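Asker: Sharing coords.txt, compact mmCIF, C-alpha atoms:
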# COMPACT_ATOMS: atom_id res chain seq x y z
CA MET A 13 195.49 34.25 219.27
CA ARG A 14 191.88 33.38 219.91
CA LEU A 15 190.57 36.25 221.98
CA PRO A 16 191.53 39.23 219.83
CA ALA A 17 190.23 37.38 216.77
CA THR A 18 186.65 37.25 217.99
CA PRO A 19 185.76 40.90 217.24
CA ALA A 20 187.41 40.57 213.83
CA LEU A 21 185.35 37.50 213.01
CA ALA A 22 182.23 39.24 214.26
CA GLY A 23 183.15 42.14 211.99
CA VAL A 24 183.55 39.83 209.00
CA LEU A 25 180.21 38.17 209.66
CA LEU A 26 178.46 41.49 210.21
CA GLY A 27 180.00 42.84 207.01
CA ALA A 28 178.87 39.80 205.05
CA CYS A 29 175.40 40.14 206.52
CA LEU A 30 175.16 43.81 205.56
CA LEU A 31 176.52 43.10 202.07
CA SER A 32 173.88 40.51 201.46
CA ALA A 33 171.27 43.15 202.41
CA GLY A 34 169.07 40.40 203.68
CA CYS A 35 169.14 40.76 207.41
CA ALA A 36 165.56 41.85 207.77
CA THR A 37 162.80 39.26 207.63
CA PRO A 38 159.73 41.44 207.03
CA GLN A 39 157.49 38.56 205.93
CA LEU A 40 158.15 36.60 209.08
CA ALA A 41 157.39 39.68 211.15
CA ALA A 42 154.05 40.17 209.37
CA LEU A 43 153.18 36.47 209.24
CA SER A 44 150.68 36.34 212.09
CA SER A 45 148.64 39.19 210.59
CA GLN A 46 148.68 37.66 207.08
CA LEU A 47 147.72 34.09 207.91
CA PRO A 48 144.00 33.33 208.20
CA ALA A 49 142.95 32.56 211.79
CA THR A 50 142.07 29.01 210.73
CA THR A 51 145.67 28.15 209.74
CA PRO A 52 147.01 25.40 212.01
CA GLU A 53 150.00 26.26 214.22
CA ARG A 54 152.00 23.43 212.77
CA SER A 55 151.62 21.15 209.79
CA GLU A 56 153.76 18.54 208.08
CA LEU A 57 153.17 16.41 204.99
CA THR A 58 155.04 13.35 206.16
CA ALA A 59 153.96 11.26 203.16
CA VAL A 60 155.91 13.42 200.68
CA PRO A 61 158.63 11.15 199.24
CA PHE A 62 162.34 11.92 199.41
CA TYR A 63 164.89 11.64 196.64
CA PRO A 64 168.42 12.28 197.92
CA GLN A 65 170.07 14.61 195.47
CA GLU A 66 173.00 13.57 193.31
CA ASP A 67 175.63 16.19 192.41
CA TYR A 68 174.01 19.46 191.29
CA GLN A 69 170.70 17.73 190.63
CA CYS A 70 168.42 19.38 193.15
CA GLY A 71 166.12 20.48 190.30
CA PRO A 72 165.17 16.97 189.11
CA ALA A 73 165.09 15.73 192.73
CA ALA A 74 162.75 18.50 193.91
CA LEU A 75 160.56 18.07 190.87
CA ALA A 76 160.29 14.30 191.34
CA THR A 77 159.38 14.86 195.00
CA THR A 78 156.34 16.99 194.13
CA LEU A 79 155.31 15.15 190.95
CA VAL A 80 155.30 11.73 192.60
CA TYR A 81 153.28 13.20 195.47
CA ALA A 82 150.85 14.57 192.84
CA GLY A 83 150.37 11.04 191.47
CA VAL A 84 152.88 10.95 188.58
CA ALA A 85 155.01 7.83 188.18
CA THR A 86 158.47 9.34 187.63
CA SER A 87 161.95 9.68 189.12
CA PRO A 88 164.82 12.21 189.22
CA GLU A 89 166.64 10.12 186.60
CA GLU A 90 163.70 10.35 184.21
CA LEU A 91 163.32 14.10 184.81
CA MET A 92 167.02 14.87 184.36
CA PRO A 93 166.93 15.17 180.56
CA GLN A 94 163.80 17.35 180.84
CA VAL A 95 165.19 20.07 183.13
CA PHE A 96 168.92 19.71 183.72
CA LEU A 97 171.24 22.07 181.87
CA PRO A 98 174.66 20.35 181.87
CA ALA A 99 176.81 23.40 181.12
CA ARG A 100 175.09 25.43 183.86
CA GLU A 101 175.13 22.50 186.31
CA GLY A 102 171.59 23.33 187.29
CA SER A 103 167.98 23.77 186.22
CA LEU A 104 166.19 26.94 185.12
CA GLN A 105 162.99 28.05 186.85
CA VAL A 106 160.84 28.15 183.70
CA GLU A 107 161.96 24.65 182.78
CA MET A 108 160.91 23.38 186.20
CA LEU A 109 157.43 24.75 185.47
CA ALA A 110 157.43 23.34 181.94
CA ALA A 111 158.50 19.86 183.05
CA ALA A 112 155.61 19.66 185.54
CA ARG A 113 153.20 20.51 182.71
CA ARG A 114 154.69 17.81 180.49
CA HIS A 115 153.45 15.36 183.10
CA GLY A 116 149.91 16.72 182.94
CA ARG A 117 150.11 18.73 186.15
CA THR A 118 149.28 22.39 186.52
CA ALA A 119 152.49 24.28 187.33
CA TYR A 120 151.37 27.13 189.55
CA ARG A 121 153.76 29.87 190.59
CA LEU A 122 152.82 31.13 194.00
CA ALA A 123 152.55 34.79 194.87
CA PRO A 124 155.83 35.78 196.58
CA ARG A 125 154.42 35.57 200.10
CA LEU A 126 155.53 33.38 203.00
CA ALA A 127 151.94 33.30 204.28
CA ASP A 128 150.73 31.83 200.97
CA LEU A 129 153.47 29.22 200.98
CA LEU A 130 152.56 28.02 204.47
CA GLN A 131 148.83 28.03 203.69
CA GLU A 132 149.38 25.75 200.70
CA VAL A 133 151.41 23.32 202.79
CA ALA A 134 148.66 23.35 205.43
CA ALA A 135 146.15 22.61 202.67
CA GLY A 136 148.16 19.57 201.62
CA THR A 137 150.39 20.67 198.72
CA PRO A 138 154.20 20.69 199.00
CA ALA A 139 155.92 23.56 197.17
CA ILE A 140 159.27 23.79 195.40
CA VAL A 141 161.26 26.86 196.43
CA LEU A 142 164.40 28.38 194.94
CA GLN A 143 166.91 29.53 197.55
CA ASN A 144 170.20 31.29 197.26
CA LEU A 145 172.20 29.74 200.08
CA ALA A 146 175.08 32.20 199.81
CA PHE A 147 175.16 35.87 198.82
CA GLY A 148 173.74 38.00 196.04
CA PHE A 149 177.26 38.56 194.63
CA ALA A 150 178.26 34.89 194.88
CA PRO A 151 175.05 32.89 194.53
CA LEU A 152 174.56 29.23 195.35
CA TRP A 153 171.16 28.46 193.86
CA HIS A 154 169.31 25.53 195.33
CA TYR A 155 165.85 23.97 194.91
CA ALA A 156 164.20 22.43 197.97
CA VAL A 157 160.66 21.29 198.76
CA VAL A 158 158.67 22.80 201.63
CA VAL A 159 156.73 20.04 203.39
CA GLY A 160 155.90 21.56 206.78
CA TYR A 161 156.26 24.30 209.35
CA ASP A 162 156.00 24.95 213.06
CA LEU A 163 154.84 28.49 213.86
CA PRO A 164 155.47 28.53 217.63
CA ARG A 165 159.04 27.40 217.03
CA GLU A 166 159.37 29.59 213.92
CA GLU A 167 160.66 26.70 211.82
CA ILE A 168 160.12 25.42 208.31
CA ILE A 169 160.60 21.80 207.24
CA LEU A 170 162.19 20.95 203.90
CA ARG A 171 163.21 18.02 201.73
CA SER A 172 166.59 19.39 200.75
CA GLY A 173 169.69 17.96 199.12
CA ARG A 174 170.73 14.85 200.99
CA THR A 175 168.58 15.63 204.03
CA ARG A 176 165.13 14.05 204.25
CA ARG A 177 163.86 16.35 206.99
CA LEU A 178 165.76 19.61 207.13
CA VAL A 179 164.45 21.89 209.88
CA MET A 180 165.42 25.51 209.26
CA PRO A 181 164.57 28.65 211.22
CA LEU A 182 161.92 30.60 209.30
CA ALA A 183 164.11 33.71 209.47
CA THR A 184 167.03 31.94 207.74
CA PHE A 185 164.64 30.47 205.22
CA GLU A 186 163.16 33.86 204.42
CA ARG A 187 166.60 35.38 203.82
CA THR A 188 167.72 32.61 201.48
CA TRP A 189 164.34 32.58 199.71
CA ALA A 190 164.13 36.36 199.33
CA ARG A 191 167.21 36.29 197.10
CA SER A 192 165.24 34.40 194.44
CA GLU A 193 162.50 37.03 194.75
CA HIS A 194 160.51 34.50 196.75
CA TRP A 195 160.17 32.03 193.88
CA ALA A 196 157.91 29.06 194.64
CA MET A 197 155.90 26.65 192.50
CA MET A 198 153.53 23.75 192.94
CA ALA A 199 152.67 20.84 190.66
CA LEU A 200 148.95 20.17 191.04
CA PRO A 201 146.56 17.55 189.72
CA PRO A 202 144.49 19.48 187.13
CA GLU A 203 141.23 19.23 189.12
CA ARG A 204 142.80 20.90 192.11
CA LEU A 205 142.93 24.66 192.63
CA PRO A 206 145.56 26.12 194.98
CA VAL A 207 143.91 27.59 198.09
CA THR A 208 145.78 30.86 197.48
CA ALA A 209 145.03 30.88 193.73
CA THR A 210 144.28 34.22 192.12
CA GLU A 211 142.23 34.33 188.93
CA ASN A 212 144.78 35.59 186.41
CA ARG A 213 147.73 33.70 187.84
CA TYR A 214 145.82 30.44 187.79
CA VAL A 215 144.27 30.84 184.34
CA GLU A 216 147.70 31.71 182.91
CA SER A 217 149.13 28.52 184.37
CA VAL A 218 146.37 26.50 182.70
CA VAL A 219 146.90 28.24 179.35
CA ALA A 220 150.54 27.13 179.50
CA LEU A 221 149.39 23.59 180.37
CA GLU A 222 147.04 23.51 177.36
CA ARG A 223 150.02 23.73 175.00
CA VAL A 224 151.42 20.37 176.07
CA ALA A 225 148.55 18.53 177.80
CA PRO A 226 145.13 19.58 176.45
CA GLY A 227 143.36 16.73 178.23
CA ALA A 228 144.63 17.82 181.63
CA ALA A 229 144.09 21.49 180.74
CA ARG A 230 140.45 20.80 179.93
CA ARG A 231 139.87 19.55 183.48
CA ALA A 232 141.86 22.44 184.92
CA TYR A 233 139.78 24.95 182.93
CA GLN A 234 136.66 23.24 184.25
CA ALA A 235 137.93 23.71 187.82
CA ALA A 236 138.82 27.35 187.09
CA LEU A 237 135.36 28.03 185.61
CA GLU A 238 133.64 26.62 188.66
CA ARG A 239 135.47 29.23 190.74
CA TRP A 240 135.45 32.08 188.19
CA PRO A 241 132.56 31.40 185.76
CA ASP A 242 132.99 34.71 183.93
CA ASN A 243 136.66 34.32 183.03
CA LEU A 244 136.74 34.69 179.24
CA PRO A 245 140.20 33.20 178.50
CA ALA A 246 139.29 30.13 180.60
CA ARG A 247 135.94 29.83 178.76
CA ILE A 248 137.60 29.94 175.34
CA GLY A 249 140.49 27.81 176.55
CA HIS A 250 138.00 25.18 177.68
CA GLY A 251 136.76 25.05 174.09
CA ASN A 252 140.25 25.15 172.61
CA ALA A 253 141.36 22.19 174.74
CA ALA A 254 138.35 20.19 173.52
CA TYR A 255 139.15 21.28 169.95
CA ALA A 256 142.76 20.13 170.35
CA LEU A 257 141.42 16.74 171.50
CA ARG A 258 139.19 16.68 168.40
CA ASP A 259 136.05 16.74 170.54
CA LEU A 260 134.27 19.18 168.23
CA ALA A 261 130.89 18.87 169.95
CA GLY A 262 132.53 19.66 173.29
CA ALA A 263 134.35 22.60 171.73
CA GLU A 264 131.12 23.92 170.21
CA ALA A 265 129.34 23.74 173.58
CA ALA A 266 132.19 25.61 175.31
CA TYR A 267 132.38 28.32 172.63
CA ARG A 268 128.58 28.74 172.71
CA GLU A 269 128.68 29.24 176.45
CA ALA A 270 131.47 31.80 175.92
CA THR A 271 129.41 33.75 173.38
CA ARG A 272 126.36 33.59 175.66
CA ARG A 273 128.26 35.06 178.61
CA HIS A 274 130.42 37.40 176.52
CA PRO A 275 128.43 38.37 173.38
CA GLY A 276 131.09 40.94 172.43
CA ALA A 277 133.98 38.44 172.39
CA ALA A 278 134.96 38.16 168.74
CA ASP A 279 137.49 35.39 169.49
CA ALA A 280 134.71 33.19 170.88
CA TRP A 281 132.54 33.75 167.76
CA ASN A 282 135.49 33.05 165.46
CA ASN A 283 136.33 29.79 167.23
CA LEU A 284 132.66 28.78 167.29
CA ALA A 285 132.56 29.34 163.52
CA GLN A 286 135.62 27.14 163.02
CA ALA A 287 134.18 24.30 165.14
CA LEU A 288 130.83 24.50 163.30
CA LEU A 289 132.62 24.52 159.95
CA GLU A 290 134.38 21.29 160.83
CA LEU A 291 131.08 19.87 162.06
CA ARG A 292 129.77 20.67 158.54
CA ARG A 293 127.07 23.04 159.79
CA ARG A 294 127.81 25.72 157.25
CA ASP A 295 124.90 28.11 157.86
CA GLU A 296 125.48 28.35 161.59
CA ALA A 297 129.23 28.68 160.98
CA LEU A 298 128.61 31.53 158.53
CA ALA A 299 126.48 33.44 161.05
CA ALA A 300 129.12 33.04 163.79
CA ALA A 301 132.00 34.04 161.47
CA ARG A 302 130.09 37.17 160.37
CA ARG A 303 129.50 38.06 164.00
CA ALA A 304 133.26 37.91 164.69
CA VAL A 305 134.07 40.09 161.68
CA ASP A 306 131.36 42.62 162.66
CA ILE A 307 132.81 42.95 166.13
CA GLY A 308 136.37 43.17 164.76
CA GLY A 309 139.41 43.99 166.90
CA PRO A 310 143.15 43.37 166.66
CA ARG A 311 142.65 39.91 165.13
CA LEU A 312 140.17 41.03 162.44
CA ALA A 313 142.38 39.59 159.68
CA GLN A 314 142.08 36.16 161.25
CA TYR A 315 138.26 36.44 161.56
CA GLN A 316 138.07 37.49 157.91
CA ALA A 317 140.13 34.48 156.91
CA THR A 318 137.78 32.20 158.87
CA LEU A 319 134.75 33.85 157.24
CA GLN A 320 136.30 33.31 153.83
CA ALA A 321 137.05 29.66 154.59
CA VAL A 322 133.42 29.15 155.67
CA SER A 323 132.08 30.94 152.59
CA GLU A 324 134.18 28.78 150.29
CA SER A 325 133.10 25.55 151.98
CA ARG A 326 130.15 23.52 150.86
CA MET B 14 177.08 27.06 167.14
CA ASN B 15 178.55 30.54 166.86
CA THR B 16 176.75 33.82 166.33
CA PHE B 17 177.49 33.87 162.61
CA ASN B 18 175.87 30.49 162.10
CA ARG B 19 172.91 31.58 164.16
CA CYS B 20 172.44 34.66 161.97
CA ILE B 21 172.46 32.51 158.86
CA ALA B 22 170.02 30.08 160.46
CA ARG B 23 167.67 32.96 161.30
CA ALA B 24 167.87 34.39 157.82
CA LEU B 25 167.07 30.97 156.38
CA ILE B 26 164.12 30.56 158.72
CA VAL B 27 162.67 33.91 157.63
CA CYS B 28 163.10 32.98 153.97
CA THR B 29 161.54 29.57 154.49
CA LEU B 30 158.62 31.05 156.41
CA GLY B 31 158.04 33.53 153.61
CA LEU B 32 157.83 30.68 151.13
CA SER B 33 155.79 28.21 153.07
CA LEU B 34 153.32 30.24 155.12
CA PRO B 35 151.03 32.23 152.85
CA VAL B 36 148.24 34.37 154.34
CA PRO B 37 145.38 31.81 154.37
CA SER B 38 147.06 29.93 157.23
CA LEU B 39 145.55 32.65 159.45
CA ALA B 40 142.13 30.99 159.39
CA GLY B 41 141.16 28.73 162.25
CA ILE B 42 140.74 29.06 165.97
CA VAL B 43 142.31 31.83 168.00
CA THR B 44 144.59 30.07 170.46
CA THR B 45 144.33 30.74 174.17
CA ASP B 46 147.98 31.79 174.14
CA GLN B 47 147.08 34.52 171.64
CA ILE B 48 144.25 35.77 173.87
CA THR B 49 146.29 35.96 177.08
CA ALA B 50 149.48 37.27 175.47
CA GLY B 51 148.00 40.79 175.62
CA ALA B 52 149.86 42.73 172.98
CA GLU B 53 149.91 40.75 169.77
CA ARG B 54 153.25 39.03 169.36
CA ALA B 55 154.24 38.49 165.78
CA GLN B 56 154.11 34.81 164.91
CA VAL B 57 157.47 34.96 163.16
CA ARG B 58 159.09 36.64 166.18
CA SER B 59 157.83 33.95 168.51
CA PHE B 60 158.99 31.25 166.11
CA LEU B 61 162.49 32.74 165.97
CA ASP B 62 162.63 33.09 169.75
CA ARG B 63 161.77 29.43 170.17
CA ASP B 64 164.48 28.47 167.74
CA ASP B 65 166.98 30.69 169.52
CA VAL B 66 166.23 29.12 172.89
CA ARG B 67 166.43 25.61 171.42
CA ILE B 68 169.88 26.31 169.97
CA ARG B 69 171.06 27.74 173.29
CA LEU B 70 169.84 24.64 175.14
CA GLN B 71 171.86 22.50 172.76
CA GLU B 72 174.91 24.68 173.34
CA PHE B 73 174.46 24.09 177.06
CA GLY B 74 174.67 20.34 176.53
CA VAL B 75 171.06 19.22 175.96
CA ASP B 76 170.66 16.74 173.12
CA PRO B 77 168.74 18.04 170.07
CA ALA B 78 165.56 15.96 170.41
CA ALA B 79 165.24 16.74 174.12
CA ALA B 80 165.90 20.45 173.45
CA ARG B 81 163.05 20.57 170.95
CA ALA B 82 160.60 18.94 173.39
CA ARG B 83 161.73 21.25 176.18
CA VAL B 84 161.18 24.39 174.13
CA ASP B 85 157.78 23.14 173.01
CA ALA B 86 156.71 22.87 176.65
CA LEU B 87 157.43 26.57 177.33
CA SER B 88 154.72 29.22 177.05
CA GLY B 89 155.28 32.22 174.79
CA ASP B 90 156.01 34.45 177.77
CA GLU B 91 158.52 31.97 179.15
CA VAL B 92 160.34 31.77 175.82
CA ALA B 93 160.46 35.57 175.69
CA ALA B 94 161.90 35.63 179.21
CA LEU B 95 164.64 33.16 178.25
CA VAL B 96 165.80 34.73 175.00
CA GLY B 97 169.31 36.10 175.39
CA GLN B 98 169.28 35.44 179.13
CA ILE B 99 169.92 31.74 179.59
CA ASP B 100 173.45 32.32 180.83
CA GLN B 101 172.43 34.92 183.44
CA LEU B 102 169.29 33.42 184.94
CA PRO B 103 169.62 31.43 188.16
CA ALA B 104 170.10 27.72 187.58
CA GLY B 105 169.35 25.94 190.82
CA GLY B 106 171.78 23.10 191.22
CA THR B 107 173.87 23.67 194.29
CA ASP B 108 175.50 20.57 195.55
CA LEU B 109 175.37 20.92 199.32
CA LEU B 110 178.77 19.26 199.58
CA THR B 111 180.13 22.27 197.69
CA VAL B 112 178.70 24.55 200.37
CA LEU B 113 180.37 22.52 203.09
CA LEU B 114 183.62 22.54 201.16
CA ILE B 115 183.51 26.34 200.80
CA VAL B 116 182.76 26.78 204.50
CA PHE B 117 185.64 24.44 205.29
CA ILE B 118 188.08 26.37 203.09
CA VAL B 119 186.98 29.75 204.48
CA LEU B 120 187.42 28.53 208.04
CA LEU B 121 190.75 26.98 207.13
CA ILE B 122 191.95 30.33 205.78
CA THR B 123 190.68 32.23 208.80
CA ASP B 124 192.40 29.64 210.99
CA ILE B 125 195.65 30.14 209.14
CA LEU B 126 195.27 33.91 209.38
CA GLY B 127 194.77 33.48 213.10
CA LEU B 128 191.26 34.88 213.05
CA THR B 129 189.75 31.60 214.18
CA HIS B 130 190.94 28.34 215.63
CA ILE B 131 188.54 25.64 214.53
CA PHE B 132 190.91 22.92 213.33
CA PRO B 133 193.50 21.48 215.65
CA PHE B 134 195.98 20.85 212.82
CA THR B 135 196.38 24.47 211.69
CA LYS B 136 199.21 26.73 212.82
CA PRO B 137 198.37 30.42 212.63
CA MET B 138 200.84 32.64 210.75
CA ARG B 139 202.90 34.96 212.90
Mind turning this structure into structure tokens?
Answerer:
Amino acid sequence: MRLPATPALAGVLLGACLLSAGCATPQLAALSSQLPATTPERSELTAVPFYPQEDYQCGPAALATTLVYAGVATSPEELMPQVFLPAREGSLQVEMLAAARRHGRTAYRLAPRLADLLQEVAAGTPAIVLQNLAFGFAPLWHYAVVVGYDLPREEIILRSGRTRRLVMPLATFERTWARSEHWAMMALPPERLPVTATENRYVESVVALERVAPGAARRAYQAALERWPDNLPARIGHGNAAYALRDLAGAEAAYREATRRHPGAADAWNNLAQALLELRRRDEALAAARRAVDIGGPRLAQYQATLQAVSESR
Amino acid sequence: MNTFNRCIARALIVCTLGLSLPVPSLAGIVTTDQITAGAERAQVRSFLDRDDVRIRLQEFGVDPAAARARVDALSGDEVAALVGQIDQLPAGGTDLLTVLLIVFIVLLITDILGLTHIFPFTKPMR
């Protein structure tokens, strides 16, 4: 019975492979041309901790792995109620990002490129990846943490499930990762910029952080402004984080710098007016509020309301 | 909570907002979220979306206080991405034992069908 079965099995496997439409590994093929020449051939972050996963809880486990490495005192058990969705027996991607922010870490979503992922690991940051271990039509979603790679052997090293050091061929990894549209995130201390960071992607991740952790966001904005000094949202965000912390003098300084670099930014003038109003410097506040209204824009109604509030103050 | 209840809840929220949030609440700083959101999202819309996502989280077994904190940690864009989609989006949570179990069952079936012979205890069908 064995011999005639072999072609049939090969047929089944081939069929499954074609169905999954994931046989090609274009990123692996292009890897050598996309990696900077300075990237080491192999790299492994051996100090990244390992939390063996309980049933279905790869989300909290992967998150704890990266957060603890980023200096947060936490555990999968503590993270469970922050990301786990009992009825889905899993964790959603946006909630993984949100939970990292709740611990004062910048949750950065990487560009969907294998080369970027490996560069970040080489630079010292582990990344959480979402893999579909089965097929598009019957998914088995799984979070793992990339901690290393070996280019000559074409292997990637993961903290995954119950395995501390899972070595997987890069080609297999790329196929399973491609099914999540190459989803990968990092949890970074706020002072630290990803080496592959792009301006808008990074600033957006800090804006989201500001909502829950203004103190951390303030430092992250500072880091962003050192790299991209003319980024207006980061400039205003820097002030808004200070404002949220009730550091009005700090907010004023940040808004002033924003208006100096971007004199046409009505939002910056409006926020400067509000900070000055609360600092009880009415005349300066009035001038700034008028400036915002004169410039106008889609939020004119808000500027007018600020101007009115300043006018009515004493 | 069923759809009917959710409709009522939404209607109530709109009414309450109408009562409690008069125009002057506009004054104050422009938030960074507002600046990066691009097209202006209506405040009420965003508020309703957040409430919708929170209710869905509770339906999926998250306790109410935790659900509120979880929704608060999402950015406006993330909330918008979740609305109406929570049940379709990938939820990573594969237990690797499940994978092994599935592989085992598949191989068992192929063994029984006579396509493979992995396990010594199976007898292929004739």
Asker: Residues near His274 in chain A, anyone? I mean within 10 Å using all atoms listed in the file, not counting same-chain ones fewer than 3 positions away, as a PyMOL selection string.
Answerer: chain A and resi 242-244+247+268-271+277-278+280-281
Asker: What residues in chain B lie within 6 Å of chain A, counting only C-alpha atoms, written as a ChimeraX atom specification?
Answerer: /B:39-42,45,73-74,86-88,104-108,128
Asker: Between CA of Val80 in chain A and CA of Pro202 in chain A, what is the spacing in Å?
Answerer: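 These two atoms are separated by 14.4 Å.
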Asker: Skipping near chain neighbours, those fewer than 5 positions away, what residues fall within 12 Å of Gly97 in chain B using all atoms listed in the file, listed as a PDB file with C-alpha atoms, keeping the file's coordinate frame?
Answerer:
ATOM      1  CA  THR B  16     176.750  33.820 166.330  1.00  0.00           C
ATOM      2  CA  ASP B  62     162.630  33.090 169.750  1.00  0.00           C
ATOM      3  CA  ARG B  63     161.770  29.430 170.170  1.00  0.00           C
ATOM      4  CA  ASP B  64     164.480  28.470 167.740  1.00  0.00           C
ATOM      5  CA  ASP B  65     166.980  30.690 169.520  1.00  0.00           C
ATOM      6  CA  VAL B  66     166.230  29.120 172.890  1.00  0.00           C
ATOM      7  CA  ARG B  67     166.430  25.610 171.420  1.00  0.00           C
ATOM      8  CA  ILE B  68     169.880  26.310 169.970  1.00  0.00           C
ATOM      9  CA  ARG B  69     171.060  27.740 173.290  1.00  0.00           C
ATOM     10  CA  LEU B  70     169.840  24.640 175.140  1.00  0.00           C
ATOM     11  CA  VAL B  92     160.340  31.770 175.820  1.00  0.00           C
ATOM     12  CA  LEU B 102     169.290  33.420 184.940  1.00  0.00           C
TER      13      LEU B 102
END
Asker: Using all atoms listed in the file, which of the listed residues (B:Ile99, B:Leu113, B:Ala93, B:Ala78) sits closest to Ala50 in chain B?
Answerer: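 Under the stated criterion, the closest residue is B:Ala93.
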Asker: As JSON, numbers by chain, please: the residues near range 204-206 of chain A (cut-off 9 Å, all atoms listed in the file, same-chain neighbours under 2 positions excluded).
Answerer: {"A": [118, 120, 122, 132, 135, 137, 198, 200, 201, 202, 208, 209, 210, 214, 232, 235, 236, 239]}
Asker: As an mmCIF file with C-alpha atoms, in the coordinates of the input, please: the residues near Ala85 in chain A (cut-off 12 Å, only C-alpha atoms, same-chain neighbours under 6 positions excluded).
Answerer:
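Heads up, here's the output in part.cif:
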data_model
loop_
_atom_site.group_PDB
_atom_site.id
_atom_site.type_symbol
_atom_site.label_atom_id
_atom_site.label_comp_id
_atom_site.auth_asym_id
_atom_site.auth_seq_id
_atom_site.Cartn_x
_atom_site.Cartn_y
_atom_site.Cartn_z
ATOM 1 C CA LEU A 75 160.560 18.070 190.870
ATOM 2 C CA ALA A 76 160.290 14.300 191.340
ATOM 3 C CA THR A 77 159.380 14.860 195.000
ATOM 4 C CA THR A 78 156.340 16.990 194.130
ATOM 5 C CA LEU A 79 155.310 15.150 190.950
ATOM 6 C CA LEU A 91 163.320 14.100 184.810
ATOM 7 C CA HIS A 115 153.450 15.360 183.100
ATOM 8 C CA GLY A 116 149.910 16.720 182.940
#
Asker: One decimal, Å: what's the distance from CA of Thr50 in chain A over to CA of Tyr161 in chain A, could you say?
Answerer: 15.0 Å
Asker: With distances taken over only C-alpha atoms, which of A:Val60, A:Gly83, A:Met92, A:Ala41 is nearest to Ala79 in chain B?
Answerer: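 For Ala79 in chain B, the nearest of the candidates is A:Met92.
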Asker: Around range 93-107 of chain A, fit a box with edges along x, y and z, padding it by 5 Å on each side, then list its centre and edge lengths in Å to one decimal as lines of an AutoDock Vina configuration file.
Answerer:
center_x = 168.8
center_y = 21.7
center_z = 183.9
size_x = 26.0
size_y = 23.0
size_z = 16.7
Asker: Of the candidates A:Ala82, A:Ser55, A:Leu129, A:Arg117, which shows the shortest atom-to-atom distance to Ala229 in chain A, using only C-alpha atoms?
Answerer: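 With only C-alpha atoms as the atom set, the closest residue is A:Arg117.
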Asker: May I ask for the distance between CA of Ile168 in chain A and CA of Gly148 in chain A, given in Å to one decimal place?
Answerer: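 Between these atoms lies a distance of 22.2 Å.
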